[in-house]
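Enquirer: Just dropping this structure here.
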Amino acid sequence: MQQSAEFGELRTAHRSFAFPLTIAFIAWYLVYVLLSNYAGDFMGTKLFGNINVALVLGLGQFLTTFLIAWFYSRHAASKLDPKSEAIKSRMEGDA
Amino acid sequence: MSPAHTAVIDLAAASDASEHRPLIISLFAAFVVATLIITVWAGRQTKSAADFYAGGRQFTGFQNGLAISGDYMSAASFLGIAGAIALFGYDGFLYSIGFLVAWLVALLLVAEPLRNSGRYTMGDVLAYRMRQRPVRTAAGTSTIVVSIFYLLAQMAGAGVLVSLLLGITTDTGKILIVALVGVLMIVYVTIGGMKGTTWVQMVKAVLLITGTVLITFLILLKFNFNVSDLLGTAASNSGKGSAFLEPGLKYGASGTSKLDFISLGIALVLGTAGLPHILIRFYTVPTAKAARKSVNWAIGIIGAFYLMTIVLGFGAAALLKPGDIIASNKAGNTAAPLTALEIGGGGDSAGGAILLAVISAVAFATILAVVAGLTLASSSSFAHDIYANVIRKGKATEKEEMKAARWSTVFIGIVSIALGALARDLNVAGLVALAFAVAASANLPTILYSLFWKRFTTQGALWSIYGGLATAVGLVLFSPVVSGKPTSMFPDANFDFFPLENPGLISIPLGFLLGWLGSILSKEEPDKGKYAELEVKSLTGVGAH
């Protein structure tokens, strides 16, 4: 089964989505950490009232986390679940 | 008498004056009684090993999401982050962000494959394609080490909290409290197993969210829901001005401390998906889809909670004198309960005493639920990985395995009580960050390689687990956390050769490197058949338990 085209598609559908996205959110998080460390003036820029860039970027991390979770779940439900369920029911039917 | 002692006594005296101390004790007692009833009820339904280790795998995605939140939002999140923000402003906020973003690693790469391919422990997945005995031993060892680090933090939190509330300042009194927490967690786990622990965690999550919403609302109310105003007051009250709202107060002082910040950041984001007590929660739901759902719920609940920690922490900074926070606990761990007292009307008022009691009971519930989860993770791993599969070579009966799990619970409980007494003055969020660093160094590389890299071998797994574990723990041992600074565990000794408080920057890449190196240098071929089996099982759930 692992060698089959059908499973290959499922594997690709998972990896080609999850791997780049993981790299992307870790990179974005590291950019935020590095900015906090080495770009203090920029982060301290006040945008409105006492709200500065640092706080907005921090809240941005929350927002992107929620969005990525939603995005992945949508992908999983539409692209991964049907494939894996088909494989599973066929293999368990054989057994 | 030290200033810390005076402040604690003042506060206790204040609660005395309004005669609300019995209220605090009654709330603690009510929670303990309620959870014990749940535990006994769950214990009656715990018959098989799958009941004990995985709660019968019958929880829904939402229930498990709630329980995950209850398992994850520890004293570190509640007391530690609020304290870190109250003292260091913006730099404390990094914890909230790292603790949340980390869930994406679990969601995208770990939760579903783990649910499909394992049975009861993290070791099930790590050892799947490998020679069982050596890898199970390694997985069991690192599970127990990570959990004990984490337990230490919770015990420190319990000691701090109770000494604040009950005015217990003697060492004997604090040790007795830590012992009480230890005994309760032993009871929860030995009797209730995963079912009891899960329900305790769900109840705790609801209490924690409710309590936090209440305090957040009251703080915001005081500032007419003007967050900018709240931040401004916090900044000026802190005496640091606008620097309080910018990165750098804690970590910006030197090149070394900046590296420490990066180290902490990496450990936080990569640690969650390697925490055994979190990973075993995925076995409590029937399918991988339910595991995904539970992570989504957890991200929602935990995210909302961490957003509120911003208000809680900056609120503490705005409403309290910085000197009072430090005087009560050097690491800031009591900032949240002190804020509750203040927002309710101050030390002499009934409102203040009631809020203080509520928030403290919530924190106490938080600690108990988390220690139960940690103890369950380590005793499961001891019984299932080490006892049943290594010592008895897979020939132990279910009954014998559960008996071993219960005895190891008692043993781990006693060890953590003993260690808990040592860690009182460390910031609990900092201590938990160490557990994250160890988990990210020793566990995460092997989990990811096992699931996704076909050339990974037994030798790679062992190098990665033991190498990551030894480096992370070794670096902590020689760091300022343990010696050399007034806030260290042993302030009078000096063996702090490693300058960073968090070892992640070195130990996490090393864990990944060793896993790769051990595999390519290994004489034995990777087991291709087993990998094919694992790959199909992990993505489709064929033959999943």
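Ligands are numbered from 1 in the order shown, residues from 1 within each chain, and chains are lettered A, B, ... in the order they appear in the structure tokens.
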Taking only C-alpha atoms into account, find every residue of chain B that has an atom no more than 7 Å from chain A, and write it out as a list in words.

Expert: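 Result, ordered by chain then number: Ile97, Val101, Leu104, Val105, Leu108, Leu109, Ser228, Leu231, Gly232, Glu246, Pro247, Gly248, Gly252, Lys258, Ile262, Gly265, Asn296, Gly303, Ala532, Val536, Leu539, Thr540, Gly541 and Val542 of chain B.
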
Enquirer: Residues at most 10 Å from range 221-227 of chain B, counting only C-alpha atoms, excluding those fewer than 2 positions away in the same chain, as a list in words?

Expert: Gly49, Asn50 and Ile51 of chain A; Ile215, Thr216, Phe217, Leu218, Ile219, Asp229, Leu230, Leu231, Gly232, Thr233, Val311, Phe314, Gly315, Leu319 and Ile343 of chain B

Enquirer: Output N, CA and C atoms of each residue in that selection to a file, as a PDB file, in the first residue's frame.

Expert:
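So selection-v5.pdb came out as:
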```
ATOM      1  N   GLY A  49      -1.889  55.942  20.596  1.00  0.00           N
ATOM      2  CA  GLY A  49      -1.846  55.911  22.059  1.00  0.00           C
ATOM      3  C   GLY A  49      -0.565  55.255  22.526  1.00  0.00           C
ATOM      4  N   ASN A  50      -0.703  54.294  23.439  1.00  0.00           N
ATOM      5  CA  ASN A  50       0.468  53.585  23.935  1.00  0.00           C
ATOM      6  C   ASN A  50       0.689  52.255  23.215  1.00  0.00           C
ATOM      7  N   ILE A  51      -0.062  52.038  22.152  1.00  0.00           N
ATOM      8  CA  ILE A  51       0.068  50.785  21.405  1.00  0.00           C
ATOM      9  C   ILE A  51       1.240  50.913  20.437  1.00  0.00           C
TER      10      ILE A  51
ATOM     11  N   ILE B 215     -11.367  38.610  36.330  1.00  0.00           N
ATOM     12  CA  ILE B 215     -10.342  39.589  36.691  1.00  0.00           C
ATOM     13  C   ILE B 215     -10.032  40.518  35.518  1.00  0.00           C
ATOM     14  N   THR B 216      -9.954  39.930  34.313  1.00  0.00           N
ATOM     15  CA  THR B 216      -9.670  40.748  33.129  1.00  0.00           C
ATOM     16  C   THR B 216     -10.751  41.813  32.969  1.00  0.00           C
ATOM     17  N   PHE B 217     -12.002  41.383  33.117  1.00  0.00           N
ATOM     18  CA  PHE B 217     -13.121  42.315  32.987  1.00  0.00           C
ATOM     19  C   PHE B 217     -13.006  43.438  34.015  1.00  0.00           C
ATOM     20  N   LEU B 218     -12.722  43.071  35.265  1.00  0.00           N
ATOM     21  CA  LEU B 218     -12.655  44.093  36.310  1.00  0.00           C
ATOM     22  C   LEU B 218     -11.506  45.072  36.069  1.00  0.00           C
ATOM     23  N   ILE B 219     -10.362  44.530  35.583  1.00  0.00           N
ATOM     24  CA  ILE B 219      -9.237  45.426  35.302  1.00  0.00           C
ATOM     25  C   ILE B 219      -9.607  46.379  34.165  1.00  0.00           C
ATOM     26  N   ASP B 229      -4.727  53.245  27.727  1.00  0.00           N
ATOM     27  CA  ASP B 229      -4.664  53.878  29.033  1.00  0.00           C
ATOM     28  C   ASP B 229      -4.043  52.928  30.065  1.00  0.00           C
ATOM     29  N   LEU B 230      -4.515  51.680  30.032  1.00  0.00           N
ATOM     30  CA  LEU B 230      -3.994  50.649  30.928  1.00  0.00           C
ATOM     31  C   LEU B 230      -2.486  50.497  30.737  1.00  0.00           C
ATOM     32  N   LEU B 231      -2.056  50.420  29.482  1.00  0.00           N
ATOM     33  CA  LEU B 231      -0.633  50.249  29.199  1.00  0.00           C
ATOM     34  C   LEU B 231       0.155  51.462  29.673  1.00  0.00           C
ATOM     35  N   GLY B 232      -0.410  52.656  29.430  1.00  0.00           N
ATOM     36  CA  GLY B 232       0.269  53.883  29.845  1.00  0.00           C
ATOM     37  C   GLY B 232       0.461  53.918  31.352  1.00  0.00           C
ATOM     38  N   THR B 233      -0.611  53.581  32.096  1.00  0.00           N
ATOM     39  CA  THR B 233      -0.526  53.572  33.554  1.00  0.00           C
ATOM     40  C   THR B 233       0.505  52.551  34.020  1.00  0.00           C
ATOM     41  N   VAL B 311      -3.633  41.535  29.764  1.00  0.00           N
ATOM     42  CA  VAL B 311      -4.356  42.462  30.642  1.00  0.00           C
ATOM     43  C   VAL B 311      -3.982  42.203  32.106  1.00  0.00           C
ATOM     44  N   PHE B 314      -0.160  43.410  32.660  1.00  0.00           N
ATOM     45  CA  PHE B 314      -0.015  44.865  32.646  1.00  0.00           C
ATOM     46  C   PHE B 314      -0.932  45.494  33.698  1.00  0.00           C
ATOM     47  N   GLY B 315      -2.070  44.833  33.963  1.00  0.00           N
ATOM     48  CA  GLY B 315      -2.950  45.304  35.033  1.00  0.00           C
ATOM     49  C   GLY B 315      -2.241  45.260  36.375  1.00  0.00           C
ATOM     50  N   LEU B 319      -1.590  48.504  38.720  1.00  0.00           N
ATOM     51  CA  LEU B 319      -2.320  48.671  39.976  1.00  0.00           C
ATOM     52  C   LEU B 319      -1.461  48.460  41.222  1.00  0.00           C
ATOM     53  N   ILE B 343      -7.886  44.740  42.999  1.00  0.00           N
ATOM     54  CA  ILE B 343      -9.016  45.128  42.151  1.00  0.00           C
ATOM     55  C   ILE B 343     -10.341  44.944  42.891  1.00  0.00           C
TER      56      ILE B 343
END
```

Enquirer: One number please: CA of Arg455 in chain B to CA of His384 in chain B, in Å, one decimal.

Expert: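 About the pair CA of Arg455 in chain B and CA of His384 in chain B: they are 26.5 Å apart.
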
Enquirer: Can you tell me which residues surround Leu475 in chain B at a distance of at most 9 Å, considering only C-alpha atoms, apart from same-chain residues fewer than 4 positions away, and format the answer as a PyMOL selection string?

Expert: chain B and resi 470-471+479+497-498+500-503+506-507

Enquirer: Output as a ChimeraX atom specification all residues of range 7-71 of chain A that backbone DSSP marks as strand (DSSP E or B).

Expert: /A:46-48,51-52

Enquirer: Looking at only C-alpha atoms, which of B:Met402, B:Leu517, B:Ile302, B:Leu249 is the one that sits closest to Asp91 in chain B?

Expert: B:Leu249

Enquirer: Can you tell me, as a list of chain:residue names, what residues are no more than 8 Å from Leu184 in chain B when counting only C-alpha atoms, ignoring any on the same chain fewer than 4 positions away?

Expert: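 Within the cut-off, the hits are B:Leu180, B:Tyr188, B:Leu368.
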
Enquirer: Give me, please, the distance in Å between CA of Ala437 in chain B and CA of Leu419 in chain B, quoted to one decimal.

Expert: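 Pair CA of Ala437 in chain B / CA of Leu419 in chain B returns 19.1 Å.
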
Enquirer: I want to know what sits within 8 Å of Val189 in chain B, based on only C-alpha atoms, with residues of the same chain fewer than 2 positions away left out; could you give that as number ranges by chain?

Expert: B: 185-187, 191-194, 196-197, 372, 375-376, 406, 409

Enquirer: Write down as a PDB file with C-alpha atoms, in the first residue's frame the residues belonging to chain A that are assigned alpha helix (DSSP H) by DSSP computed on the backbone.

Expert:
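Result went into result-v9.pdb, see below:
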```
ATOM      1  CA  ALA A   5      -0.082   5.837  -6.296  1.00  0.00           C
ATOM      2  CA  GLU A   6      -3.106   6.468  -4.120  1.00  0.00           C
ATOM      3  CA  PHE A   7      -1.109   6.526  -0.913  1.00  0.00           C
ATOM      4  CA  GLY A   8       1.576   8.591  -2.640  1.00  0.00           C
ATOM      5  CA  GLU A   9      -1.068  11.215  -3.364  1.00  0.00           C
ATOM      6  CA  LEU A  10      -2.187  11.274   0.259  1.00  0.00           C
ATOM      7  CA  ARG A  11       1.402  11.602   1.470  1.00  0.00           C
ATOM      8  CA  THR A  12       2.089  14.430  -0.983  1.00  0.00           C
ATOM      9  CA  ALA A  13      -1.156  16.165  -0.055  1.00  0.00           C
ATOM     10  CA  HIS A  14      -0.134  16.127   3.599  1.00  0.00           C
ATOM     11  CA  ARG A  15       3.561  16.935   3.249  1.00  0.00           C
ATOM     12  CA  SER A  16       3.308  19.580   0.553  1.00  0.00           C
ATOM     13  CA  PHE A  17       0.876  21.429   2.781  1.00  0.00           C
ATOM     14  CA  ALA A  18       2.152  20.858   6.307  1.00  0.00           C
ATOM     15  CA  PHE A  19       5.912  21.171   5.731  1.00  0.00           C
ATOM     16  CA  PRO A  20       6.048  24.564   3.953  1.00  0.00           C
ATOM     17  CA  LEU A  21       3.454  25.967   6.331  1.00  0.00           C
ATOM     18  CA  THR A  22       5.480  24.805   9.339  1.00  0.00           C
ATOM     19  CA  ILE A  23       8.619  26.421   7.956  1.00  0.00           C
ATOM     20  CA  ALA A  24       6.663  29.587   7.253  1.00  0.00           C
ATOM     21  CA  PHE A  25       5.163  30.029  10.709  1.00  0.00           C
ATOM     22  CA  ILE A  26       8.429  29.174  12.466  1.00  0.00           C
ATOM     23  CA  ALA A  27      10.256  31.689  10.257  1.00  0.00           C
ATOM     24  CA  TRP A  28       7.638  34.375  10.983  1.00  0.00           C
ATOM     25  CA  TYR A  29       7.906  33.632  14.700  1.00  0.00           C
ATOM     26  CA  LEU A  30      11.722  33.848  14.578  1.00  0.00           C
ATOM     27  CA  VAL A  31      11.543  37.140  12.680  1.00  0.00           C
ATOM     28  CA  TYR A  32       9.371  38.435  15.494  1.00  0.00           C
ATOM     29  CA  VAL A  33      11.814  37.198  18.171  1.00  0.00           C
ATOM     30  CA  LEU A  34      14.804  38.671  16.321  1.00  0.00           C
ATOM     31  CA  LEU A  35      13.047  42.002  15.774  1.00  0.00           C
ATOM     32  CA  SER A  36      12.303  42.145  19.507  1.00  0.00           C
ATOM     33  CA  ASN A  37      15.972  41.593  20.186  1.00  0.00           C
ATOM     34  CA  TYR A  38      17.736  43.699  17.627  1.00  0.00           C
ATOM     35  CA  GLY A  40      14.177  47.874  19.650  1.00  0.00           C
ATOM     36  CA  ASP A  41      13.608  51.331  18.149  1.00  0.00           C
ATOM     37  CA  PHE A  42      11.381  50.003  15.415  1.00  0.00           C
ATOM     38  CA  MET A  43       9.422  47.827  17.860  1.00  0.00           C
ATOM     39  CA  GLY A  44       9.000  50.756  20.227  1.00  0.00           C
ATOM     40  CA  VAL A  53       4.676  48.037  16.879  1.00  0.00           C
ATOM     41  CA  ALA A  54       5.889  45.330  19.283  1.00  0.00           C
ATOM     42  CA  LEU A  55       2.410  44.800  20.697  1.00  0.00           C
ATOM     43  CA  VAL A  56       0.757  44.793  17.294  1.00  0.00           C
ATOM     44  CA  LEU A  57       3.250  42.247  15.936  1.00  0.00           C
ATOM     45  CA  GLY A  58       2.751  40.120  19.048  1.00  0.00           C
ATOM     46  CA  LEU A  59      -0.999  40.167  18.532  1.00  0.00           C
ATOM     47  CA  GLY A  60      -0.269  39.378  14.884  1.00  0.00           C
ATOM     48  CA  GLN A  61       1.306  36.120  16.057  1.00  0.00           C
ATOM     49  CA  PHE A  62      -1.968  35.230  17.775  1.00  0.00           C
ATOM     50  CA  LEU A  63      -3.915  36.063  14.649  1.00  0.00           C
ATOM     51  CA  THR A  64      -1.703  34.034  12.308  1.00  0.00           C
ATOM     52  CA  THR A  65      -1.851  31.065  14.694  1.00  0.00           C
ATOM     53  CA  PHE A  66      -5.651  31.084  14.605  1.00  0.00           C
ATOM     54  CA  LEU A  67      -5.680  31.511  10.830  1.00  0.00           C
ATOM     55  CA  ILE A  68      -3.179  28.711  10.160  1.00  0.00           C
ATOM     56  CA  ALA A  69      -5.106  26.324  12.414  1.00  0.00           C
ATOM     57  CA  TRP A  70      -8.292  27.107  10.528  1.00  0.00           C
ATOM     58  CA  PHE A  71      -6.562  26.887   7.125  1.00  0.00           C
ATOM     59  CA  TYR A  72      -4.979  23.516   7.901  1.00  0.00           C
ATOM     60  CA  SER A  73      -8.232  22.055   9.221  1.00  0.00           C
ATOM     61  CA  ARG A  74     -10.048  23.123   6.078  1.00  0.00           C
ATOM     62  CA  HIS A  75      -7.337  21.543   3.930  1.00  0.00           C
ATOM     63  CA  ASP A  81      -9.773  12.948   5.044  1.00  0.00           C
ATOM     64  CA  PRO A  82     -11.495  11.604   1.896  1.00  0.00           C
ATOM     65  CA  LYS A  83      -8.242  10.034   0.670  1.00  0.00           C
ATOM     66  CA  SER A  84      -7.290   8.468   3.960  1.00  0.00           C
ATOM     67  CA  GLU A  85     -10.802   7.191   4.593  1.00  0.00           C
ATOM     68  CA  ALA A  86     -10.914   5.562   1.164  1.00  0.00           C
ATOM     69  CA  ILE A  87      -7.597   3.806   1.756  1.00  0.00           C
ATOM     70  CA  LYS A  88      -8.571   2.767   5.243  1.00  0.00           C
ATOM     71  CA  SER A  89     -11.925   1.270   4.330  1.00  0.00           C
ATOM     72  CA  ARG A  90     -10.389  -0.620   1.406  1.00  0.00           C
ATOM     73  CA  MET A  91      -7.533  -2.042   3.488  1.00  0.00           C
ATOM     74  CA  GLU A  92      -9.803  -3.014   6.327  1.00  0.00           C
ATOM     75  CA  GLY A  93     -12.227  -4.510   3.821  1.00  0.00           C
ATOM     76  CA  ASP A  94      -9.405  -6.682   2.456  1.00  0.00           C
TER      77      ASP A  94
END
```

Enquirer: Please list as a PDB file with N, CA and C atoms, in the first residue's frame every residue within 9 Å of Leu270 in chain B, counting only C-alpha atoms and excluding residues in the same chain fewer than 6 positions away.

Expert:
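Okay, around-v5.pdb is ready:
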```pdb
ATOM      1  N   GLY B  98       4.944  32.306  22.531  1.00  0.00           N
ATOM      2  CA  GLY B  98       5.619  31.039  22.254  1.00  0.00           C
ATOM      3  C   GLY B  98       4.759  29.846  22.640  1.00  0.00           C
ATOM      4  N   ALA B 102       3.376  27.388  19.456  1.00  0.00           N
ATOM      5  CA  ALA B 102       3.869  26.019  19.537  1.00  0.00           C
ATOM      6  C   ALA B 102       2.810  24.985  19.167  1.00  0.00           C
ATOM      7  N   TRP B 103       1.548  25.320  19.392  1.00  0.00           N
ATOM      8  CA  TRP B 103       0.481  24.350  19.108  1.00  0.00           C
ATOM      9  C   TRP B 103       0.379  24.007  17.640  1.00  0.00           C
ATOM     10  N   VAL B 105       2.825  23.285  15.667  1.00  0.00           N
ATOM     11  CA  VAL B 105       3.685  22.121  15.415  1.00  0.00           C
ATOM     12  C   VAL B 105       2.901  20.853  15.747  1.00  0.00           C
ATOM     13  N   PHE B 436      10.315  22.647  28.655  1.00  0.00           N
ATOM     14  CA  PHE B 436      10.084  22.754  27.216  1.00  0.00           C
ATOM     15  C   PHE B 436      11.388  22.528  26.452  1.00  0.00           C
ATOM     16  N   ALA B 437      12.471  23.113  26.944  1.00  0.00           N
ATOM     17  CA  ALA B 437      13.758  22.959  26.259  1.00  0.00           C
ATOM     18  C   ALA B 437      14.170  21.495  26.238  1.00  0.00           C
ATOM     19  N   ALA B 439      12.201  18.875  26.452  1.00  0.00           N
ATOM     20  CA  ALA B 439      11.292  18.146  25.566  1.00  0.00           C
ATOM     21  C   ALA B 439      11.640  18.385  24.097  1.00  0.00           C
ATOM     22  N   ALA B 440      11.959  19.633  23.758  1.00  0.00           N
ATOM     23  CA  ALA B 440      12.265  19.952  22.360  1.00  0.00           C
ATOM     24  C   ALA B 440      13.586  19.324  21.935  1.00  0.00           C
ATOM     25  N   SER B 441      14.525  19.156  22.875  1.00  0.00           N
ATOM     26  CA  SER B 441      15.835  18.611  22.521  1.00  0.00           C
ATOM     27  C   SER B 441      15.810  17.092  22.466  1.00  0.00           C
ATOM     28  N   LEU B 444      11.279  15.853  20.555  1.00  0.00           N
ATOM     29  CA  LEU B 444      10.738  16.280  19.265  1.00  0.00           C
ATOM     30  C   LEU B 444      11.531  15.753  18.069  1.00  0.00           C
ATOM     31  N   ILE B 508      18.711  21.978  21.326  1.00  0.00           N
ATOM     32  CA  ILE B 508      17.702  21.548  20.352  1.00  0.00           C
ATOM     33  C   ILE B 508      18.341  21.231  18.997  1.00  0.00           C
TER      34      ILE B 508
END
```

Enquirer: Smallest atom-to-atom distance to Phe99 in chain B: which of B:Leu114, B:Ala316, B:Ala433, B:Leu66, using only C-alpha atoms?

Expert: B:Ala433
